[in-house]
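Undergrad: Below is protein_18.pdb; it holds PDB, C-alpha atoms and all ligand atoms.
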ATOM      1  CA  MET I   1      98.265 117.907 109.075
ATOM      2  CA  GLY I   2      97.758 118.382 112.814
ATOM      3  CA  SER I   3      99.884 120.960 114.598
ATOM      4  CA  ILE I   4     103.603 120.205 114.814
ATOM      5  CA  ASN I   5     105.217 120.651 118.210
ATOM      6  CA  GLY I   6     108.426 119.735 120.023
ATOM      7  CA  SER I   7     107.443 116.064 120.345
ATOM      8  CA  THR I   8     106.412 115.476 116.745
ATOM      9  CA  GLN I   9     108.095 112.461 115.157
ATOM     10  CA  ILE I  10     109.140 112.957 111.576
ATOM     11  CA  VAL I  11     108.988 110.532 108.661
ATOM     12  CA  GLY I  12     109.562 111.482 105.064
ATOM     13  CA  LEU I  13     109.706 110.395 101.461
ATOM     14  CA  ILE I  14     113.182 110.070  99.933
ATOM     15  CA  GLY I  15     113.016 110.280  96.153
ATOM     16  CA  TRP I  16     113.760 112.416  93.101
ATOM     17  CA  PRO I  17     111.448 113.989  92.235
ATOM     18  CA  VAL I  18     108.890 113.778  95.058
ATOM     19  CA  SER I  19     106.702 116.800  94.433
ATOM     20  CA  HIS I  20     104.055 114.698  92.591
ATOM     21  CA  SER I  21     103.699 112.154  95.416
ATOM     22  CA  PHE I  22     100.358 111.317  97.077
ATOM     23  CA  SER I  23     102.131 109.854 100.139
ATOM     24  CA  PRO I  24     102.315 113.044 102.273
ATOM     25  CA  LEU I  25      98.527 113.464 102.012
ATOM     26  CA  LEU I  26      97.920 109.747 102.589
ATOM     27  CA  GLN I  27     100.149 109.471 105.661
ATOM     28  CA  ASN I  28      99.373 112.820 107.297
ATOM     29  CA  THR I  29      95.631 112.156 107.025
ATOM     30  CA  ALA I  30      96.199 108.754 108.631
ATOM     31  CA  PHE I  31      98.303 110.219 111.490
ATOM     32  CA  GLU I  32      95.640 112.818 112.127
ATOM     33  CA  ALA I  33      92.815 110.249 112.088
ATOM     34  CA  CYS I  34      94.670 108.172 114.714
ATOM     35  CA  GLU I  35      95.668 111.291 116.706
ATOM     36  CA  ILE I  36      99.325 110.274 116.462
ATOM     37  CA  ASN I  37     101.943 113.017 116.760
ATOM     38  CA  PHE I  38     103.783 112.209 113.529
ATOM     39  CA  ALA I  39     104.364 114.300 110.414
ATOM     40  CA  TYR I  40     105.289 113.114 106.917
ATOM     41  CA  ILE I  41     107.318 115.405 104.686
ATOM     42  CA  PRO I  42     108.727 115.222 101.149
ATOM     43  CA  LEU I  43     112.518 114.820 101.074
ATOM     44  CA  PRO I  44     113.822 115.502  97.566
ATOM     45  CA  VAL I  45     117.196 113.739  97.386
ATOM     46  CA  ALA I  46     119.134 114.174  94.158
ATOM     47  CA  PRO I  47     121.102 111.218  92.785
ATOM     48  CA  GLY I  48     124.563 111.497  94.339
ATOM     49  CA  CYS I  49     123.235 112.841  97.661
ATOM     50  CA  LEU I  50     121.693 109.624  98.931
ATOM     51  CA  ALA I  51     124.407 108.664 101.442
ATOM     52  CA  GLN I  52     124.289 112.135 103.033
ATOM     53  CA  ALA I  53     120.495 111.997 103.224
ATOM     54  CA  VAL I  54     120.501 108.560 104.850
ATOM     55  CA  GLU I  55     123.029 109.680 107.478
ATOM     56  CA  GLY I  56     120.749 112.658 108.079
ATOM     57  CA  LEU I  57     117.868 110.339 109.041
ATOM     58  CA  LYS I  58     119.938 109.166 112.001
ATOM     59  CA  GLY I  59     121.370 112.578 112.855
ATOM     60  CA  LEU I  60     117.971 114.243 112.768
ATOM     61  CA  GLN I  61     116.299 111.421 114.714
ATOM     62  CA  PHE I  62     113.723 110.627 112.079
ATOM     63  CA  ALA I  63     111.267 107.836 112.974
ATOM     64  CA  GLY I  64     111.561 106.426 109.474
ATOM     65  CA  ALA I  65     111.073 107.083 105.787
ATOM     66  CA  ASN I  66     109.679 105.831 102.533
ATOM     67  CA  VAL I  67     111.982 105.431  99.565
ATOM     68  CA  THR I  68     110.953 105.845  95.953
ATOM     69  CA  ILE I  69     112.431 106.205  92.472
ATOM     70  CA  PRO I  70     115.392 106.286  91.828
ATOM     71  CA  HIS I  71     116.763 105.191  95.217
ATOM     72  CA  LYS I  72     114.964 101.925  96.101
ATOM     73  CA  VAL I  73     117.916  99.723  95.118
ATOM     74  CA  ASP I  74     120.895 101.997  95.808
ATOM     75  CA  ILE I  75     119.774 102.579  99.390
ATOM     76  CA  ILE I  76     120.290  98.942 100.405
ATOM     77  CA  PRO I  77     124.053  99.073 101.203
ATOM     78  CA  LEU I  78     123.525 102.285 103.205
ATOM     79  CA  LEU I  79     121.196 100.647 105.748
ATOM     80  CA  ASP I  80     122.153  98.675 108.872
ATOM     81  CA  GLU I  81     119.811  95.725 108.365
ATOM     82  CA  ILE I  82     117.573  94.537 105.538
ATOM     83  CA  ASP I  83     114.471  92.438 106.027
ATOM     84  CA  PRO I  84     114.800  89.075 104.149
ATOM     85  CA  ALA I  85     111.720  89.792 101.987
ATOM     86  CA  ALA I  86     113.195  93.147 100.885
ATOM     87  CA  LYS I  87     116.487  91.384 100.155
ATOM     88  CA  LYS I  88     114.668  88.897  97.949
ATOM     89  CA  ILE I  89     112.936  91.678  96.020
ATOM     90  CA  GLY I  90     116.177  93.632  95.866
ATOM     91  CA  ALA I  91     114.563  96.943  96.806
ATOM     92  CA  VAL I  92     113.646  98.874  99.963
ATOM     93  CA  ASN I  93     110.654 101.225 100.078
ATOM     94  CA  THR I  94     110.353 101.647 103.849
ATOM     95  CA  ILE I  95     112.944 102.478 106.508
ATOM     96  CA  VAL I  96     112.383 102.276 110.251
ATOM     97  CA  VAL I  97     114.847 104.017 112.586
ATOM     98  CA  ARG I  98     115.175 102.007 115.800
ATOM     99  CA  ASP I  99     117.762 102.836 118.473
ATOM    100  CA  GLY I 100     119.774 104.786 115.934
ATOM    101  CA  GLN I 101     119.867 101.880 113.457
ATOM    102  CA  LEU I 102     118.265 101.891 110.015
ATOM    103  CA  TYR I 103     116.105  98.887 109.107
ATOM    104  CA  GLY I 104     114.993  98.410 105.493
ATOM    105  CA  TYR I 105     111.713  96.778 104.433
ATOM    106  CA  ASN I 106     109.655  96.389 101.300
ATOM    107  CA  THR I 107     105.903  96.866 101.727
ATOM    108  CA  ASP I 108     105.148  96.811  97.970
ATOM    109  CA  ALA I 109     104.864  93.005  97.750
ATOM    110  CA  PRO I 110     102.587  92.564 100.796
ATOM    111  CA  GLY I 111     100.713  95.713  99.715
ATOM    112  CA  PHE I 112     100.030  94.128  96.326
ATOM    113  CA  MET I 113      98.907  90.872  97.963
ATOM    114  CA  SER I 114      96.659  92.749 100.428
ATOM    115  CA  SER I 115      94.943  94.460  97.522
ATOM    116  CA  LEU I 116      94.317  91.055  95.907
ATOM    117  CA  ALA I 117      92.885  89.717  99.172
ATOM    118  CA  GLN I 118      90.646  92.782  99.523
ATOM    119  CA  ASN I 119      89.269  91.987  96.075
ATOM    120  CA  GLN I 120      88.790  88.291  96.935
ATOM    121  CA  VAL I 121      91.352  87.265  94.319
ATOM    122  CA  VAL I 122      92.927  83.902  95.191
ATOM    123  CA  ILE I 123      96.139  83.178  93.309
ATOM    124  CA  GLU I 124      97.151  79.916  94.963
ATOM    125  CA  GLY I 125      97.453  77.179  92.343
ATOM    126  CA  LYS I 126      96.616  79.619  89.522
ATOM    127  CA  LYS I 127      98.662  81.083  86.671
ATOM    128  CA  ALA I 128      99.492  84.785  86.414
ATOM    129  CA  MET I 129     101.131  87.007  83.837
ATOM    130  CA  MET I 130     103.305  90.078  84.364
ATOM    131  CA  LEU I 131     103.434  92.646  81.572
ATOM    132  CA  GLY I 132     106.839  94.314  81.980
ATOM    133  CA  ALA I 133     109.858  93.130  83.946
ATOM    134  CA  GLY I 134     111.162  96.234  85.757
ATOM    135  CA  GLY I 135     111.390  97.183  89.433
ATOM    136  CA  ALA I 136     107.703  96.965  90.356
ATOM    137  CA  ALA I 137     107.388  93.572  88.640
ATOM    138  CA  ARG I 138     109.902  92.152  91.134
ATOM    139  CA  ALA I 139     107.720  93.011  94.123
ATOM    140  CA  VAL I 140     104.653  91.600  92.375
ATOM    141  CA  ILE I 141     106.507  88.387  91.474
ATOM    142  CA  CYS I 142     107.674  87.938  95.088
ATOM    143  CA  GLY I 143     104.122  88.484  96.321
ATOM    144  CA  LEU I 144     102.731  85.933  93.841
ATOM    145  CA  LEU I 145     105.451  83.417  94.720
ATOM    146  CA  ASP I 146     104.542  83.781  98.406
ATOM    147  CA  GLY I 147     100.899  83.363  97.391
ATOM    148  CA  GLN I 148     101.779  79.998  95.756
ATOM    149  CA  SER I 149     100.927  80.957  92.190
ATOM    150  CA  GLU I 150     101.275  77.832  90.012
ATOM    151  CA  GLU I 151     103.179  79.562  87.192
ATOM    152  CA  ILE I 152     104.124  83.175  86.446
ATOM    153  CA  PHE I 153     104.678  84.295  82.850
ATOM    154  CA  LEU I 154     107.076  87.224  82.564
ATOM    155  CA  ALA I 155     106.080  89.056  79.394
ATOM    156  CA  ALA I 156     108.511  91.771  78.322
ATOM    157  CA  ARG I 157     109.538  93.509  75.121
ATOM    158  CA  ASN I 158     113.116  92.973  76.268
ATOM    159  CA  MET I 159     113.477  89.197  76.652
ATOM    160  CA  GLU I 160     116.839  89.538  78.391
ATOM    161  CA  GLN I 161     115.120  91.437  81.219
ATOM    162  CA  ALA I 162     112.418  88.759  81.551
ATOM    163  CA  LYS I 163     115.014  85.961  81.466
ATOM    164  CA  ALA I 164     117.092  87.709  84.149
ATOM    165  CA  LEU I 165     114.061  87.833  86.471
ATOM    166  CA  ALA I 166     113.285  84.169  85.770
ATOM    167  CA  VAL I 167     116.872  83.299  86.748
ATOM    168  CA  ARG I 168     116.786  85.555  89.820
ATOM    169  CA  TYR I 169     113.751  83.764  91.271
ATOM    170  CA  ALA I 170     114.504  80.271  89.889
ATOM    171  CA  GLY I 171     113.910  77.717  92.610
ATOM    172  CA  GLU I 172     111.179  79.818  94.248
ATOM    173  CA  GLY I 173     108.483  78.782  91.759
ATOM    174  CA  LYS I 174     107.759  78.294  88.060
ATOM    175  CA  LEU I 175     108.666  81.412  86.067
ATOM    176  CA  THR I 176     108.444  81.504  82.280
ATOM    177  CA  PRO I 177     109.844  84.425  80.247
ATOM    178  CA  ILE I 178     107.900  85.270  77.131
ATOM    179  CA  GLU I 179     107.989  87.988  74.475
ATOM    180  CA  LEU I 180     105.281  90.613  74.933
ATOM    181  CA  GLY I 181     102.768  90.486  72.086
ATOM    182  CA  CYS I 182     103.983  87.301  70.351
ATOM    183  CA  GLU I 183     101.703  84.370  69.489
ATOM    184  CA  GLU I 184     102.747  82.342  72.504
ATOM    185  CA  PHE I 185     102.052  85.370  74.717
ATOM    186  CA  GLU I 186      98.475  85.355  73.451
ATOM    187  CA  ARG I 187      98.089  81.605  74.027
ATOM    188  CA  LYS I 188      99.516  81.805  77.549
ATOM    189  CA  SER I 189      97.422  84.843  78.485
ATOM    190  CA  ALA I 190      94.349  82.645  77.915
ATOM    191  CA  GLU I 191      95.550  80.341  80.745
ATOM    192  CA  CYS I 192      95.945  83.094  83.345
ATOM    193  CA  ALA I 193      93.681  83.944  86.264
ATOM    194  CA  LEU I 194      95.480  87.265  86.761
ATOM    195  CA  ILE I 195      97.236  89.668  84.385
ATOM    196  CA  VAL I 196      99.225  92.534  85.906
ATOM    197  CA  ASN I 197     100.411  95.549  83.955
ATOM    198  CA  CYS I 198     103.845  96.472  85.327
ATOM    199  CA  THR I 199     104.714  98.773  82.402
ATOM    200  CA  PRO I 200     104.115 102.540  82.311
ATOM    201  CA  LEU I 201     101.810 102.129  79.275
ATOM    202  CA  GLY I 202      98.708 104.188  80.088
ATOM    203  CA  MET I 203     100.183 106.407  82.776
ATOM    204  CA  GLN I 204     100.592 110.167  82.468
ATOM    205  CA  PRO I 205     101.378 111.386  79.777
ATOM    206  CA  TRP I 206     100.749 108.169  77.726
ATOM    207  CA  LEU I 207      97.043 108.060  78.560
ATOM    208  CA  GLU I 208      95.912 106.607  75.231
ATOM    209  CA  GLN I 209      98.344 103.681  75.362
ATOM    210  CA  MET I 210      97.870 100.186  76.735
ATOM    211  CA  PRO I 211      99.719  96.861  76.621
ATOM    212  CA  PRO I 212      98.970  94.577  73.633
ATOM    213  CA  LEU I 213      96.395  92.345  75.334
ATOM    214  CA  ASP I 214      93.700  90.515  73.323
ATOM    215  CA  PHE I 215      90.655  90.374  75.620
ATOM    216  CA  ALA I 216      88.863  88.013  73.204
ATOM    217  CA  VAL I 217      91.171  85.107  74.083
ATOM    218  CA  LEU I 218      91.057  85.523  77.890
ATOM    219  CA  ALA I 219      88.994  83.385  80.267
ATOM    220  CA  ARG I 220      85.910  85.276  81.452
ATOM    221  CA  ASP I 221      87.048  85.268  85.095
ATOM    222  CA  THR I 222      90.551  86.643  84.417
ATOM    223  CA  VAL I 223      91.339  89.610  86.683
ATOM    224  CA  ILE I 224      93.088  92.567  85.066
ATOM    225  CA  TYR I 225      95.306  94.527  87.457
ATOM    226  CA  ASP I 226      97.064  97.763  86.464
ATOM    227  CA  LEU I 227      99.824  98.973  88.807
ATOM    228  CA  ILE I 228      99.426 102.498  87.429
ATOM    229  CA  TYR I 229      97.606 104.766  89.904
ATOM    230  CA  ASN I 230      97.646 108.013  87.961
ATOM    231  CA  PRO I 231      95.241 107.994  86.218
ATOM    232  CA  THR I 232      93.175 105.602  88.337
ATOM    233  CA  HIS I 233      91.222 104.475  85.277
ATOM    234  CA  THR I 234      93.800 103.613  82.663
ATOM    235  CA  MET I 235      92.919 102.717  79.090
ATOM    236  CA  LEU I 236      93.669  99.065  79.959
ATOM    237  CA  LEU I 237      91.208  99.081  82.870
ATOM    238  CA  ILE I 238      88.543 100.931  80.899
ATOM    239  CA  LYS I 239      88.714  98.468  77.967
ATOM    240  CA  ALA I 240      88.877  95.460  80.311
ATOM    241  CA  ALA I 241      85.811  96.639  82.232
ATOM    242  CA  GLU I 242      83.956  97.267  78.945
ATOM    243  CA  CYS I 243      84.665  93.629  78.038
ATOM    244  CA  GLY I 244      83.231  92.501  81.382
ATOM    245  CA  PHE I 245      86.459  91.667  83.258
ATOM    246  CA  LYS I 246      87.055  92.329  86.934
ATOM    247  CA  THR I 247      89.667  95.105  87.266
ATOM    248  CA  ILE I 248      91.907  96.460  90.025
ATOM    249  CA  GLY I 249      93.820  99.753  89.806
ATOM    250  CA  GLY I 250      97.215 100.635  91.283
ATOM    251  CA  MET I 251      95.784 103.007  93.881
ATOM    252  CA  GLU I 252      94.876 100.014  96.053
ATOM    253  CA  MET I 253      98.478  98.765  96.176
ATOM    254  CA  LEU I 254      99.659 102.324  96.824
ATOM    255  CA  ILE I 255      97.329 102.633  99.808
ATOM    256  CA  GLU I 256      98.092  99.144 101.154
ATOM    257  CA  GLN I 257     101.886  99.586 100.954
ATOM    258  CA  GLY I 258     101.424 102.943 102.718
ATOM    259  CA  ALA I 259      99.240 101.361 105.404
ATOM    260  CA  LEU I 260     101.890  98.716 106.079
ATOM    261  CA  ALA I 261     104.627 101.371 106.312
ATOM    262  CA  PHE I 262     102.445 103.403 108.696
ATOM    263  CA  GLU I 263     102.148 100.330 110.940
ATOM    264  CA  LYS I 264     105.905  99.749 110.944
ATOM    265  CA  TRP I 265     106.593 103.317 112.081
ATOM    266  CA  THR I 266     103.804 103.701 114.626
ATOM    267  CA  SER I 267     102.869 100.136 115.766
ATOM    268  CA  VAL I 268      99.256 101.312 115.381
ATOM    269  CA  THR I 269      96.757  99.672 112.989
ATOM    270  CA  ALA I 270      96.487 101.929 109.944
ATOM    271  CA  PRO I 271      93.089 103.605 109.402
ATOM    272  CA  ARG I 272      92.579 101.997 105.985
ATOM    273  CA  ASP I 273      89.004 103.289 105.644
ATOM    274  CA  VAL I 274      90.247 106.880 106.082
ATOM    275  CA  MET I 275      93.149 106.268 103.695
ATOM    276  CA  TYR I 276      90.871 104.845 100.974
ATOM    277  CA  LYS I 277      88.395 107.705 101.436
ATOM    278  CA  THR I 278      91.149 110.320 101.209
ATOM    279  CA  MET I 279      92.574 108.878  98.024
ATOM    280  CA  SER I 280      89.139 108.414  96.422
ATOM    281  CA  LYS I 281      88.645 112.187  96.707
ATOM    282  CA  ILE I 282      91.687 112.914  94.555
ATOM    283  CA  CYS I 283      91.122 110.082  92.077
ATOM    284  CA  CYS I 284      90.892 111.124  88.477
TER
HETATM  285  P1  LIG S 301     110.507 100.313  85.501
HETATM  286  O1  LIG S 301     111.442  99.701  86.487
HETATM  287  O2  LIG S 301     110.969 101.379  84.581
HETATM  288  O3  LIG S 301     109.941  99.087  84.596
HETATM  289  C1  LIG S 301     109.031  99.302  83.547
HETATM  290  C2  LIG S 301     108.909  98.037  82.695
HETATM  291  O4  LIG S 301     108.013  98.325  81.629
HETATM  292  C3  LIG S 301     110.215  97.597  82.036
HETATM  293  O5  LIG S 301     110.209  96.216  81.869
HETATM  294  C4  LIG S 301     110.131  98.306  80.678
HETATM  295  O6  LIG S 301     110.892  97.701  79.667
HETATM  296  C5  LIG S 301     108.663  98.128  80.370
HETATM  297  N1  LIG S 301     108.200  99.109  79.395
HETATM  298  C6  LIG S 301     108.369 100.455  79.430
HETATM  299  N2  LIG S 301     107.793 101.008  78.333
HETATM  300  C7  LIG S 301     107.265  99.983  77.613
HETATM  301  C8  LIG S 301     106.556  99.913  76.389
HETATM  302  N3  LIG S 301     106.265 101.022  75.699
HETATM  303  N4  LIG S 301     106.182  98.700  75.933
HETATM  304  C9  LIG S 301     106.472  97.587  76.621
HETATM  305  N5  LIG S 301     107.148  97.572  77.794
HETATM  306  C10 LIG S 301     107.531  98.771  78.278
HETATM  307  O7  LIG S 301     109.218 100.892  86.215
HETATM  308  P2  LIG S 301     108.531 100.334  87.560
HETATM  309  O8  LIG S 301     109.102 101.009  88.733
HETATM  310  O9  LIG S 301     108.541  98.855  87.480
HETATM  311  O10 LIG S 301     107.046 100.923  87.392
HETATM  312  C11 LIG S 301     106.157 100.384  86.426
HETATM  313  C12 LIG S 301     104.764 100.964  86.645
HETATM  314  O11 LIG S 301     104.250 100.544  87.904
HETATM  315  C13 LIG S 301     104.746 102.500  86.683
HETATM  316  O12 LIG S 301     103.596 102.942  86.003
HETATM  317  C14 LIG S 301     104.627 102.834  88.158
HETATM  318  O13 LIG S 301     103.958 104.055  88.394
HETATM  319  C15 LIG S 301     103.802 101.665  88.655
HETATM  320  N6  LIG S 301     103.989 101.386  90.090
HETATM  321  C16 LIG S 301     102.901 101.394  90.894
HETATM  322  C17 LIG S 301     103.027 101.107  92.237
HETATM  323  C18 LIG S 301     101.800 101.122  93.106
HETATM  324  O14 LIG S 301     101.926 101.156  94.339
HETATM  325  N7  LIG S 301     100.629 101.060  92.557
HETATM  326  C19 LIG S 301     104.282 100.813  92.783
HETATM  327  C20 LIG S 301     105.381 100.800  91.933
HETATM  328  C21 LIG S 301     105.221 101.096  90.573
HETATM  329  P3  LIG S 301     112.203  98.422  79.059
HETATM  330  O15 LIG S 301     113.271  98.200  80.094
HETATM  331  O16 LIG S 301     112.417  97.700  77.780
HETATM  332  O17 LIG S 301     111.873  99.877  78.902
END
Please express what this file holds, its structure, as structure tokens.

TA:
Amino acid sequence: MGSINGSTQIVGLIGWPVSHSFSPLLQNTAFEACEINFAYIPLPVAPGCLAQAVEGLKGLQFAGANVTIPHKVDIIPLLDEIDPAAKKIGAVNTIVVRDGQLYGYNTDAPGFMSSLAQNQVVIEGKKAMMLGAGGAARAVICGLLDGQSEEIFLAARNMEQAKALAVRYAGEGKLTPIELGCEEFERKSAECALIVNCTPLGMQPWLEQMPPLDFAVLARDTVIYDLIYNPTHTMLLIKAAECGFKTIGGMEMLIEQGALAFEKWTSVTAPRDVMYKTMSKICC
């Protein structure tokens, strides 16, 4: 981080816990590369303290913040205005403080779509499958709906969760809930151009695990995307690459959502090359 002085503008990461986060490194490197007098700090906010913390953003004249687990949903009623896309997703991951008002955005969905574009993956008119139906899946679904995906299969072990998401976004596109691992799941996976792991299977400390995907039935040009970014090479991505599939890891979405947040706070184009280089150094 460059030197902090009396004019430094502060942004931070509201979450619990936050000590493991890559965002301070990502954002501070980007501020430094652009010679912008901003600093990004971790803001551990325990459940129950969120309202106080949010008031503090105004009182302390923060420029903005990121929001992570477990506050992305609960923060919504505490903000002054919510961007329509964030409303649709039902979660805020970026706050901008403007004239003492708090504006909530979600950069996860456009971050996911940017990472697809960077990898020349076109989803328009194609089928996709989500594995898992939790919070991150919502942002991915909204991104794919915006990208005009023909049909999105929501594969979850808990069918009620998948059905609830299908109902939530009914009318926005074709969403089909399906039980993870069943016969129909296998048949439908063969129709998909993109399969996205939105479960924690394969992340620390479940490194040996992966979702129940049969690579033998997939089309050769299916893209396998894992939202997990730690580790960068999950078991799913390793096996998929061994079978010859194109793969994308979660670090790209992490960087892209960060780049979009950076641009909202600073109105400066994010130094994506620097951000990718920084994160590649810590990739495991
Ligand atoms: P979440 O809200 O807890 O949702 C997780 C989903 O996975 C739920 O549907 C859950 O079902 C399912 N699941 C959990 N364990 C499972 C298992 N053993 N078998 C089958 N399904 C299982 O979590 P999230 O916030 O969506 O995060 C999901 C993953 O995405 C995490 O690894 C997170 O790190 C990653 N992520 C990455 C980015 C990025 O920028 N790259 C952004 C956000 C999240 P149940 O409800 O039945 O447990």

Undergrad: Using the chain letters and numbers from this file, what does the PyMOL selection byres (((chain I and resi 141) around 10) and not hetatm) select? Give the answer as a list in words.

TA: Ile89, Ala109, Phe112, Ala128, Met129, Met130, Ala133, Ala136, Ala137, Arg138, Ala139, Val140, Cys142, Gly143, Leu144, Leu145, Asp146, Gly147, Ser149, Ile152, Phe153, Leu154, Leu165, Ala166, Tyr169, Gly173 and Leu175 of chain I

Undergrad: I'd like the residues picked by the PyMOL selection byres (((not hetatm)) within 8 of (chain S and resi 301)) written out as a ChimeraX atom specification, using the chain letters and numbers from the file.

TA: /I:69,108,111-112,131-138,156-158,161-162,180,197-203,211,226-230,249-255,257

Undergrad: Near Ile238 (chain I), within 9 Å and counting all atoms listed in the file, which residues show up once chain neighbours fewer than 5 positions away are dropped, as a list in words?

TA: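 The filter keeps His233, Cys243 and Thr247 of chain I.
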
Undergrad: Restricting it to C-alpha atoms, dump the selection as a CSV table (one decimal), keeping the file's coordinate frame.

TA:
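Once written, part06.csv looks like this:
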chain,number,residue,atom,x,y,z
I,233,HIS,CA,91.2,104.5,85.3
I,243,CYS,CA,84.7,93.6,78.0
I,247,THR,CA,89.7,95.1,87.3

Undergrad: When distances are computed from all atoms listed in the file, which of I:Ala261, I:Leu79, I:Ala86, I:Ala219 shows the smallest separation from Gln101 (chain I)?

TA: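 Closest to Gln101 (chain I) of all the choices is I:Leu79.
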
Undergrad: Written as a PyMOL selection string, what is the full residue list that the PyMOL selection byres (((chain I and resi 13-17) around 12) and not hetatm) yields on the file shown?

TA: chain I and resi 10-12+18-27+39-54+56-57+62-75+92-95+258+261

Undergrad: Measure the distance from CA of Ser114 (chain I) to CA of Leu78 (chain I) in Å and round it to one decimal.

TA: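 Between these atoms lies a distance of 28.6 Å.
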
Undergrad: So the first atom is CA of Phe38 (chain I) and the second is CA of Thr8 (chain I); what is the distance between them in Å, to one decimal place?

TA: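 It comes out at 5.3 Å.
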
Undergrad: Given 3 Å on each side, where is the centre and what are the edge lengths in Å to one decimal of the axis-aligned box enclosing the listed atoms of region 261-264 of chain I, as lines of an AutoDock Vina configuration file?

TA:
center_x = 104.0
center_y = 101.6
center_z = 108.6
size_x = 9.8
size_y = 9.7
size_z = 10.6

Undergrad: Residues within 12 Å of Thr222 (chain I), please, as an mmCIF file with C-alpha atoms, in the frame of the given file. Count all atoms listed in the file; anything in the same chain fewer than 5 positions from it doesn't count.

TA:
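As written to disk, result22.cif reads:
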data_model
loop_
_atom_site.group_PDB
_atom_site.id
_atom_site.type_symbol
_atom_site.label_atom_id
_atom_site.label_comp_id
_atom_site.auth_asym_id
_atom_site.auth_seq_id
_atom_site.Cartn_x
_atom_site.Cartn_y
_atom_site.Cartn_z
ATOM 1 C CA VAL I 121 91.352 87.265 94.319
ATOM 2 C CA VAL I 122 92.927 83.902 95.191
ATOM 3 C CA ILE I 123 96.139 83.178 93.309
ATOM 4 C CA LYS I 126 96.616 79.619 89.522
ATOM 5 C CA LYS I 127 98.662 81.083 86.671
ATOM 6 C CA ALA I 128 99.492 84.785 86.414
ATOM 7 C CA MET I 129 101.131 87.007 83.837
ATOM 8 C CA SER I 189 97.422 84.843 78.485
ATOM 9 C CA ALA I 190 94.349 82.645 77.915
ATOM 10 C CA GLU I 191 95.550 80.341 80.745
ATOM 11 C CA CYS I 192 95.945 83.094 83.345
ATOM 12 C CA ALA I 193 93.681 83.944 86.264
ATOM 13 C CA LEU I 194 95.480 87.265 86.761
ATOM 14 C CA ILE I 195 97.236 89.668 84.385
ATOM 15 C CA VAL I 196 99.225 92.534 85.906
ATOM 16 C CA PHE I 215 90.655 90.374 75.620
ATOM 17 C CA ALA I 216 88.863 88.013 73.204
ATOM 18 C CA VAL I 217 91.171 85.107 74.083
ATOM 19 C CA ALA I 240 88.877 95.460 80.311
ATOM 20 C CA ALA I 241 85.811 96.639 82.232
ATOM 21 C CA CYS I 243 84.665 93.629 78.038
ATOM 22 C CA GLY I 244 83.231 92.501 81.382
ATOM 23 C CA PHE I 245 86.459 91.667 83.258
ATOM 24 C CA LYS I 246 87.055 92.329 86.934
ATOM 25 C CA THR I 247 89.667 95.105 87.266
ATOM 26 C CA ILE I 248 91.907 96.460 90.025
#

Undergrad: So how many Å separate CA of Met113 (chain I) and CA of Lys88 (chain I), to one decimal?

TA: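 Taking CA of Met113 (chain I) and CA of Lys88 (chain I), their separation equals 15.9 Å.
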
Undergrad: Could you list, as a PyMOL selection string, every residue within 8 Å of Lys58 (chain I), counting only C-alpha atoms and ignoring same-chain residues fewer than 5 positions away?

TA: chain I and resi 97+100-102

Undergrad: Using only C-alpha atoms, find the one residue out of I:Ile36, I:Val167, I:Leu218, I:Leu60 that sits nearest to Ser267 (chain I).

TA: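 Smallest separation from Ser267 (chain I) among the options: I:Ile36.
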
Undergrad: Could you rebuild region 271-280 of chain I with N, CA and C atoms and give me the result as a compact mmCIF listing (two decimals), keeping the file's coordinate frame?

TA:
# COMPACT_ATOMS: atom_id res chain seq x y z
N PRO I 271 94.52 103.34 109.65
CA PRO I 271 93.09 103.60 109.40
C PRO I 271 92.79 103.49 107.91
N ARG I 272 92.71 102.23 107.43
CA ARG I 272 92.58 102.00 105.98
C ARG I 272 91.34 102.66 105.40
N ASP I 273 90.23 102.67 106.17
CA ASP I 273 89.00 103.29 105.64
C ASP I 273 89.25 104.77 105.35
N VAL I 274 89.94 105.45 106.27
CA VAL I 274 90.25 106.88 106.08
C VAL I 274 91.19 107.05 104.88
N MET I 275 92.16 106.15 104.78
CA MET I 275 93.15 106.27 103.70
C MET I 275 92.47 106.07 102.33
N TYR I 276 91.59 105.07 102.24
CA TYR I 276 90.87 104.84 100.97
C TYR I 276 89.98 106.04 100.64
N LYS I 277 89.30 106.57 101.66
CA LYS I 277 88.40 107.70 101.44
C LYS I 277 89.18 108.93 100.96
N THR I 278 90.33 109.16 101.59
CA THR I 278 91.15 110.32 101.21
C THR I 278 91.59 110.22 99.76
N MET I 279 92.06 109.01 99.38
CA MET I 279 92.57 108.88 98.02
C MET I 279 91.44 108.90 96.99
N SER I 280 90.25 108.42 97.39
CA SER I 280 89.14 108.41 96.42
C SER I 280 88.74 109.84 96.06
